[in-house]
Amino acid sequence: MSEQQSTLLRPRERPGANGATAVAQPNIALIKYWGKRDEHLFLPWTSSLSMTLDIFPTTTRVRLDAGAADDEVTFNGAPAGDGERRRITGFLDLVRHRAGLAHRAVVDTRNTVPTGAGLASSAGGFAALAVAAAAAYGLDLDPASLSRLARRGSGSASRSVFGGFAVWNAGTWTAPPAEADLSSYAEPVAVGDLDPALVIAVVDAGPKEVSSRAAMRRTVETSPLFEPWAASSRDDLTGMRAALLRADLDAVGEIAERNFLGMHATMLSARPAVRYLSPASLTVLDSVLQLRRDGTSAYATMDAGPNVKVLCHRADADRVAEAVRTAAAGGTVHIAGPGRGARLLDEGGR
Ligand code: PMV
């Protein structure tokens with residue numbers, strides 16, 4: 001990316017009273033982001049790669065309020081908790097700084113994905129917020145700059161700026177922080193003729209006990225397996241790109257499965273251990289193995305929670321969903337395909 005492209009432009013115009021509304025979907029990583037090398041700038045240890053989903057949209061409206069003393073944040077119509085409000089205000093401070101505008105904002109978020117359950121609600125959430133806030137504050141950003149901005153809310157949000165498959169580049173390691181910041185953003189990945197689905201088994205929709213932020217910090221600081229995993233993840237990414245390009249779903253799935261199992265091994269070996277896998281997760285993972293034994297291409301991945309996502313061919317998705325539903329007795333199952341990137345909505349909500 002050239003310096004010209006990466007420069008955040010001056011406000012095009014002073015924002016109008018109406019603000020802006022954006023929608024974004026979560027993404028599920030096939031090569032995981034786990035661990036920051038810079039906590040303040042959200043610079044990751046390794047590059048990661050994901051598929052943006054076509055379900056679970058988050059819609060966020062940002063309206064500037066010149067007279068307000070503080071930001072007002074609501075989630076699904078209810079005032080946000082203190083922690084969430086602080087996180088959003090901190091993010092808006094970045095936008096205000098770049099825009100040279102001190103106005104407070106009214107932020108209204110409608111989320112359709114269970115929050116904090118390892119279903120990437122923060123990815124869609126911060127991608128939508130980045131796009132809506134940038135527009136409301138009059139910043140004219142290219143997609144890479146929007147991705148860098150979304151990254152500062154939640155690392156995985158950098159990828160939801162793009163639709164389909166996206167890779168989030170870890171960026172330069174040796175550069176001074178400001179330069180490293182410019183080099184770490186997501187971009188689309190070339191994919192062959194693949195018709196994938198992710199079957200999502202929600203075995204527990206409750207919030208997790210340890211946030212991904214705290215868990216990854218503890219893992220980086222204490223797990224003897226972290227650095228070996230990070231090194232193997234770099235190789236996994238190379239293999240994943242090649243497998244996607246030749247539309248080889250079995251290779252994509254095998255690499256994704258070993259990458260997530262390795263990530264969970266780093267958490268299990270952290271001190272104290274972080275364990276998101278539950279008995280219900282293991283039952284679903286067993287059903288995925290059984291599907292493979294029966295000849296169906298199905299591969300699991302999991303994030304910072306007990307829920308399991310199963311990659312398969314779109315044509316097999318109903319059958320995979322049925323098997324997983326039986327295994328996840330009492331849980332819910334969703335089928336997702338590749339979705340669009342974050343985008344602004346017009347006043348009619350289109
Ligand atoms: O961006 P965060 O803090 O929600 O971290 C997400 C990390 C994982 O979901 C576990 C992996 C990933 O790459 O999305």
# chains A, B, ... in the order shown; residues from 1 in each chain; ligands from 1
>>> closest_atom_pairs(of="chain A", to="ligand 1", cutoff="6 Å", atoms="only C-alpha atoms and all ligand atoms", output="CSV")
residue,atom,partner,partner_atom_place_in_ligand_line,distance
A:Ile28,CA,ligand 1,14 (O),5.9
A:Ala29,CA,ligand 1,13 (O),4.7
A:Lys32,CA,ligand 1,13 (O),3.9
A:Tyr33,CA,ligand 1,13 (O),3.6
A:Trp34,CA,ligand 1,7 (C),5.7
A:Ala120,CA,ligand 1,4 (O),5.8
A:Ser122,CA,ligand 1,4 (O),5.5
A:Ser154,CA,ligand 1,1 (O),4.2
A:Gly155,CA,ligand 1,1 (O),3.9
A:Ser156,CA,ligand 1,1 (O),3.8
A:Ser212,CA,ligand 1,3 (O),5.2
A:Arg213,CA,ligand 1,3 (O),5.2
A:Asp303,CA,ligand 1,10 (C),4.0
A:Ala304,CA,ligand 1,10 (C),4.6
>>> write_last_selection(atoms="N, CA and C atoms", output="CSV table (one decimal), in the first residue's frame")
chain,number,residue,atom,x,y,z
A,28,ILE,N,-15.3,-16.1,10.2
A,28,ILE,CA,-14.8,-17.3,10.9
A,28,ILE,C,-13.4,-17.5,10.3
A,29,ALA,N,-12.4,-17.5,11.2
A,29,ALA,CA,-11.0,-17.7,10.7
A,29,ALA,C,-10.7,-19.2,10.5
A,32,LYS,N,-6.0,-19.0,12.3
A,32,LYS,CA,-6.5,-18.1,13.5
A,32,LYS,C,-5.5,-17.0,13.8
A,33,TYR,N,-6.2,-15.9,14.3
A,33,TYR,CA,-5.5,-14.8,14.9
A,33,TYR,C,-5.5,-15.2,16.4
A,34,TRP,N,-4.3,-15.4,17.0
A,34,TRP,CA,-4.3,-15.6,18.4
A,34,TRP,C,-3.0,-15.0,19.0
A,120,ALA,N,-17.8,-14.5,17.1
A,120,ALA,CA,-17.2,-13.4,16.3
A,120,ALA,C,-18.2,-12.2,16.3
A,122,SER,N,-17.8,-9.5,17.8
A,122,SER,CA,-17.1,-8.3,17.8
A,122,SER,C,-16.5,-8.0,16.4
A,154,SER,N,-11.3,-4.5,17.3
A,154,SER,CA,-11.2,-5.9,17.6
A,154,SER,C,-10.4,-6.4,16.4
A,155,GLY,N,-9.3,-7.2,16.7
A,155,GLY,CA,-8.4,-7.6,15.6
A,155,GLY,C,-9.2,-8.3,14.5
A,156,SER,N,-10.1,-9.2,14.8
A,156,SER,CA,-10.8,-10.0,13.8
A,156,SER,C,-11.7,-9.1,12.9
A,212,SER,N,-11.6,-13.2,24.9
A,212,SER,CA,-10.5,-13.6,24.0
A,212,SER,C,-9.2,-12.7,24.2
A,213,ARG,N,-9.5,-11.5,24.6
A,213,ARG,CA,-8.4,-10.6,24.8
A,213,ARG,C,-7.5,-11.0,26.0
A,303,ASP,N,-13.4,-21.2,18.0
A,303,ASP,CA,-12.8,-20.0,18.4
A,303,ASP,C,-12.7,-19.9,19.9
A,304,ALA,N,-12.8,-18.7,20.4
A,304,ALA,CA,-12.7,-18.6,21.9
A,304,ALA,C,-14.1,-18.8,22.5
>>> residues_around(residues="Ala127 in chain A", least_positions_apart="3", cutoff="8 Å", atoms="only C-alpha atoms", output="JSON, numbers by chain")
{"A": [24, 123, 124, 130, 131, 147, 150, 157, 158, 160, 161, 342]}
>>> write_last_selection(atoms="N, CA and C atoms", output="mmCIF file, in the first residue's frame")
data_model
loop_
_atom_site.group_PDB
_atom_site.id
_atom_site.type_symbol
_atom_site.label_atom_id
_atom_site.label_comp_id
_atom_site.auth_asym_id
_atom_site.auth_seq_id
_atom_site.Cartn_x
_atom_site.Cartn_y
_atom_site.Cartn_z
ATOM 1 N N ALA A 24 -22.456 -5.088 8.829
ATOM 2 C CA ALA A 24 -21.319 -6.001 8.601
ATOM 3 C C ALA A 24 -21.657 -7.355 9.200
ATOM 4 N N ALA A 123 -16.333 -9.012 15.603
ATOM 5 C CA ALA A 123 -15.802 -8.791 14.252
ATOM 6 C C ALA A 123 -16.799 -8.002 13.413
ATOM 7 N N GLY A 124 -18.039 -8.487 13.341
ATOM 8 C CA GLY A 124 -19.063 -7.751 12.598
ATOM 9 C C GLY A 124 -19.345 -6.413 13.270
ATOM 10 N N ALA A 130 -16.755 0.817 12.458
ATOM 11 C CA ALA A 130 -15.690 1.534 11.744
ATOM 12 C C ALA A 130 -16.248 2.222 10.499
ATOM 13 N N VAL A 131 -17.053 1.479 9.734
ATOM 14 C CA VAL A 131 -17.573 2.042 8.481
ATOM 15 C C VAL A 131 -18.562 3.179 8.776
ATOM 16 N N SER A 147 -9.982 -1.169 7.152
ATOM 17 C CA SER A 147 -9.612 -2.416 7.816
ATOM 18 C C SER A 147 -8.658 -2.136 8.978
ATOM 19 N N ALA A 150 -10.792 -0.690 11.774
ATOM 20 C CA ALA A 150 -11.606 -1.738 12.432
ATOM 21 C C ALA A 150 -10.728 -2.601 13.333
ATOM 22 N N ALA A 157 -12.072 -7.910 13.435
ATOM 23 C CA ALA A 157 -12.937 -7.010 12.666
ATOM 24 C C ALA A 157 -12.251 -6.511 11.402
ATOM 25 N N SER A 158 -10.919 -6.485 11.409
ATOM 26 C CA SER A 158 -10.193 -6.027 10.218
ATOM 27 C C SER A 158 -10.586 -6.866 8.997
ATOM 28 N N SER A 160 -13.612 -8.479 8.545
ATOM 29 C CA SER A 160 -15.030 -8.376 8.149
ATOM 30 C C SER A 160 -15.296 -7.160 7.268
ATOM 31 N N VAL A 161 -14.292 -6.306 7.091
ATOM 32 C CA VAL A 161 -14.447 -5.196 6.150
ATOM 33 C C VAL A 161 -14.604 -5.763 4.732
ATOM 34 N N ALA A 342 -18.290 -5.249 4.927
ATOM 35 C CA ALA A 342 -19.009 -4.165 5.609
ATOM 36 C C ALA A 342 -19.379 -3.086 4.601
#
>>> residues_around(residues="range 79-84 of chain A", least_positions_apart="4", cutoff="12 Å", atoms="only C-alpha atoms", output="number ranges by chain")
A: 71-75, 88-91, 106-110, 115-116, 122, 125-126, 153
>>> atom_distance(atom1="CA of Val284 in chain A", atom2="CA of His313 in chain A")
17.9 Å
>>> residues_around(residues="Pro272 in chain A", least_positions_apart="5", cutoff="10 Å", atoms="only C-alpha atoms", output="compact mmCIF listing (two decimals) with N, CA and C atoms, in the first residue's frame")
# COMPACT_ATOMS: atom_id res chain seq x y z
N ALA A 215 -7.51 -14.07 27.28
CA ALA A 215 -6.99 -15.42 27.04
C ALA A 215 -5.77 -15.38 26.13
N ARG A 218 -2.72 -14.10 28.11
CA ARG A 218 -2.17 -15.12 29.01
C ARG A 218 -1.43 -16.20 28.22
N THR A 219 -1.98 -16.55 27.07
CA THR A 219 -1.33 -17.58 26.25
C THR A 219 0.04 -17.11 25.78
N THR A 222 2.48 -17.04 28.80
CA THR A 222 2.82 -18.20 29.63
C THR A 222 2.86 -19.55 28.91
N SER A 223 2.33 -19.66 27.70
CA SER A 223 2.27 -21.00 27.10
C SER A 223 3.58 -21.36 26.40
N MET A 267 -3.72 -22.61 24.40
CA MET A 267 -4.50 -22.13 25.55
C MET A 267 -4.50 -23.14 26.67
>>> select_by_dssp(residues="range 134-180 of chain A", states="helix (DSSP H, G or I)", output="PyMOL selection string")
chain A and resi 134-136+143-151+157-160+177-180
>>> atom_distance(atom1="CA of Ala247 in chain A", atom2="CA of Val191 in chain A")
6.6 Å
